[in-house]
Amino acid sequence: MESIARARAGDADAFRELVDRHSRAVFRVAYRITGRIEDAEDVAQETFLRAYRQLDRFESRANFGTWLHRIAANCAVDLLRARPRREMTEEPDTLERLSGGDDDGALPSPERSLLGLQIREHVASALDRLTDMERAAFTLRHFEGLSIEEISRALGLRTNATKHSIFRAVKKMRRELQAFV
């Protein structure tokens, strides 16, 4: 909270600290929604630009990370809406390479690596078949762990519409991934 107060007072270094602290999470949300590194970079940049411009609107009792997630989700959805249907998404393992891969340091067996790659490819393909809103809602719920209310605020939807988007996305994902379940 100290960094936020200093950033509000115009301290550029304090805002840089906030960017450093939250940039990976913002990029991760943006990438999962857009499916492309270039788009995720654009969304992350736009997210922090909007956050800087609207810092006085941030309510101190709220969680700053959640507030940034909301801005990132909105920026990602805006980007997707402004473009024709998504072009090809990145390779499925791109996000894992960018985030540093496995945390335990152990190398997986070749069979496990192959199965993991196949699953990631199918998940990426299934995500690509969702509508932009379904993809955003599903990502925020199942990858980022946001509540229905937080997703509703982030996407500007009513609670029932959010639940419906997530339900449709899960139903489509189950159908697409049936062979792995």
# chains A, B, ... in the order shown; residues from 1 in each chain; ligands from 1
$ residues_around --residues "Val26 in chain A" --least-positions-apart "3" --cutoff "7 Å" --atoms "only C-alpha atoms" --output "PyMOL selection string"
chain A and resi 22-23+29-30+44+69+72
$ residues_around --residues "range 138-148 of chain A" --least-positions-apart "2" --cutoff "9 Å" --atoms "only C-alpha atoms" --output "count of residues only"
25
$ closest_residue --among "A:Asp42, A:Glu149, A:Glu17, A:Glu121" --to "Ala137 in chain A" --atoms "only C-alpha atoms"
A:Glu149
$ closest_residue --among "A:Ala154, A:Met1, A:Leu49, A:Cys75" --to "Arg61 in chain A" --atoms "only C-alpha atoms"
A:Met1
$ residues_around --residues "Arg175 in chain A" --least-positions-apart "2" --cutoff "12 Å" --atoms "only C-alpha atoms" --output "PDB file with N, CA and C atoms, in the first residue's frame"
ATOM      1  N   HIS A 122      -4.080 -29.718 -27.125  1.00  0.00           N
ATOM      2  CA  HIS A 122      -5.533 -29.873 -27.149  1.00  0.00           C
ATOM      3  C   HIS A 122      -6.228 -28.772 -26.337  1.00  0.00           C
ATOM      4  N   VAL A 123      -5.654 -28.412 -25.197  1.00  0.00           N
ATOM      5  CA  VAL A 123      -6.234 -27.337 -24.390  1.00  0.00           C
ATOM      6  C   VAL A 123      -6.173 -26.021 -25.170  1.00  0.00           C
ATOM      7  N   ALA A 126      -8.740 -26.134 -27.864  1.00  0.00           N
ATOM      8  CA  ALA A 126     -10.087 -25.997 -27.298  1.00  0.00           C
ATOM      9  C   ALA A 126     -10.354 -24.553 -26.873  1.00  0.00           C
ATOM     10  N   LEU A 127      -9.365 -23.905 -26.252  1.00  0.00           N
ATOM     11  CA  LEU A 127      -9.523 -22.506 -25.858  1.00  0.00           C
ATOM     12  C   LEU A 127      -9.744 -21.618 -27.072  1.00  0.00           C
ATOM     13  N   ARG A 129     -11.327 -22.288 -29.658  1.00  0.00           N
ATOM     14  CA  ARG A 129     -12.685 -22.463 -30.199  1.00  0.00           C
ATOM     15  C   ARG A 129     -13.744 -21.722 -29.384  1.00  0.00           C
ATOM     16  N   LEU A 130     -13.363 -21.183 -28.238  1.00  0.00           N
ATOM     17  CA  LEU A 130     -14.301 -20.423 -27.414  1.00  0.00           C
ATOM     18  C   LEU A 130     -14.474 -19.030 -27.995  1.00  0.00           C
ATOM     19  N   ARG A 168     -20.864 -22.251 -20.494  1.00  0.00           N
ATOM     20  CA  ARG A 168     -20.715 -22.596 -21.915  1.00  0.00           C
ATOM     21  C   ARG A 168     -19.276 -22.970 -22.229  1.00  0.00           C
ATOM     22  N   ALA A 169     -18.333 -22.222 -21.667  1.00  0.00           N
ATOM     23  CA  ALA A 169     -16.915 -22.499 -21.918  1.00  0.00           C
ATOM     24  C   ALA A 169     -16.530 -23.875 -21.372  1.00  0.00           C
ATOM     25  N   VAL A 170     -16.955 -24.175 -20.165  1.00  0.00           N
ATOM     26  CA  VAL A 170     -16.635 -25.478 -19.563  1.00  0.00           C
ATOM     27  C   VAL A 170     -17.251 -26.604 -20.386  1.00  0.00           C
ATOM     28  N   LYS A 171     -18.481 -26.413 -20.812  1.00  0.00           N
ATOM     29  CA  LYS A 171     -19.153 -27.429 -21.615  1.00  0.00           C
ATOM     30  C   LYS A 171     -18.392 -27.678 -22.922  1.00  0.00           C
ATOM     31  N   LYS A 172     -17.977 -26.612 -23.579  1.00  0.00           N
ATOM     32  CA  LYS A 172     -17.213 -26.752 -24.825  1.00  0.00           C
ATOM     33  C   LYS A 172     -15.851 -27.391 -24.566  1.00  0.00           C
ATOM     34  N   MET A 173     -15.193 -26.979 -23.485  1.00  0.00           N
ATOM     35  CA  MET A 173     -13.877 -27.539 -23.163  1.00  0.00           C
ATOM     36  C   MET A 173     -13.998 -29.033 -22.870  1.00  0.00           C
ATOM     37  N   LEU A 177     -12.112 -31.882 -24.949  1.00  0.00           N
ATOM     38  CA  LEU A 177     -11.064 -32.615 -24.240  1.00  0.00           C
ATOM     39  C   LEU A 177     -11.543 -33.970 -23.724  1.00  0.00           C
ATOM     40  N   GLN A 178     -12.649 -34.429 -24.242  1.00  0.00           N
ATOM     41  CA  GLN A 178     -13.256 -35.669 -23.768  1.00  0.00           C
ATOM     42  C   GLN A 178     -12.277 -36.845 -23.800  1.00  0.00           C
ATOM     43  N   ALA A 179     -11.428 -36.892 -24.783  1.00  0.00           N
ATOM     44  CA  ALA A 179     -10.473 -38.011 -24.899  1.00  0.00           C
ATOM     45  C   ALA A 179      -9.473 -38.055 -23.749  1.00  0.00           C
ATOM     46  N   PHE A 180      -9.247 -36.919 -23.117  1.00  0.00           N
ATOM     47  CA  PHE A 180      -8.261 -36.845 -22.025  1.00  0.00           C
ATOM     48  C   PHE A 180      -8.884 -36.945 -20.644  1.00  0.00           C
ATOM     49  N   VAL A 181     -10.209 -36.940 -20.574  1.00  0.00           N
ATOM     50  CA  VAL A 181     -10.883 -36.958 -19.284  1.00  0.00           C
ATOM     51  C   VAL A 181     -11.220 -38.368 -18.876  1.00  0.00           C
TER      52      VAL A 181
END
$ residues_around --residues "Glu46 in chain A" --least-positions-apart "5" --cutoff "10 Å" --atoms "only C-alpha atoms" --output "list in words"
Ala40, Glu41, Ala51, Tyr52, Ile71, Ala72, Cys75 and Ala76 of chain A
$ closest_residue --among "A:Arg24, A:Arg70, A:Ala62, A:Ala9" --to "Arg50 in chain A" --atoms "only C-alpha atoms"
A:Arg70
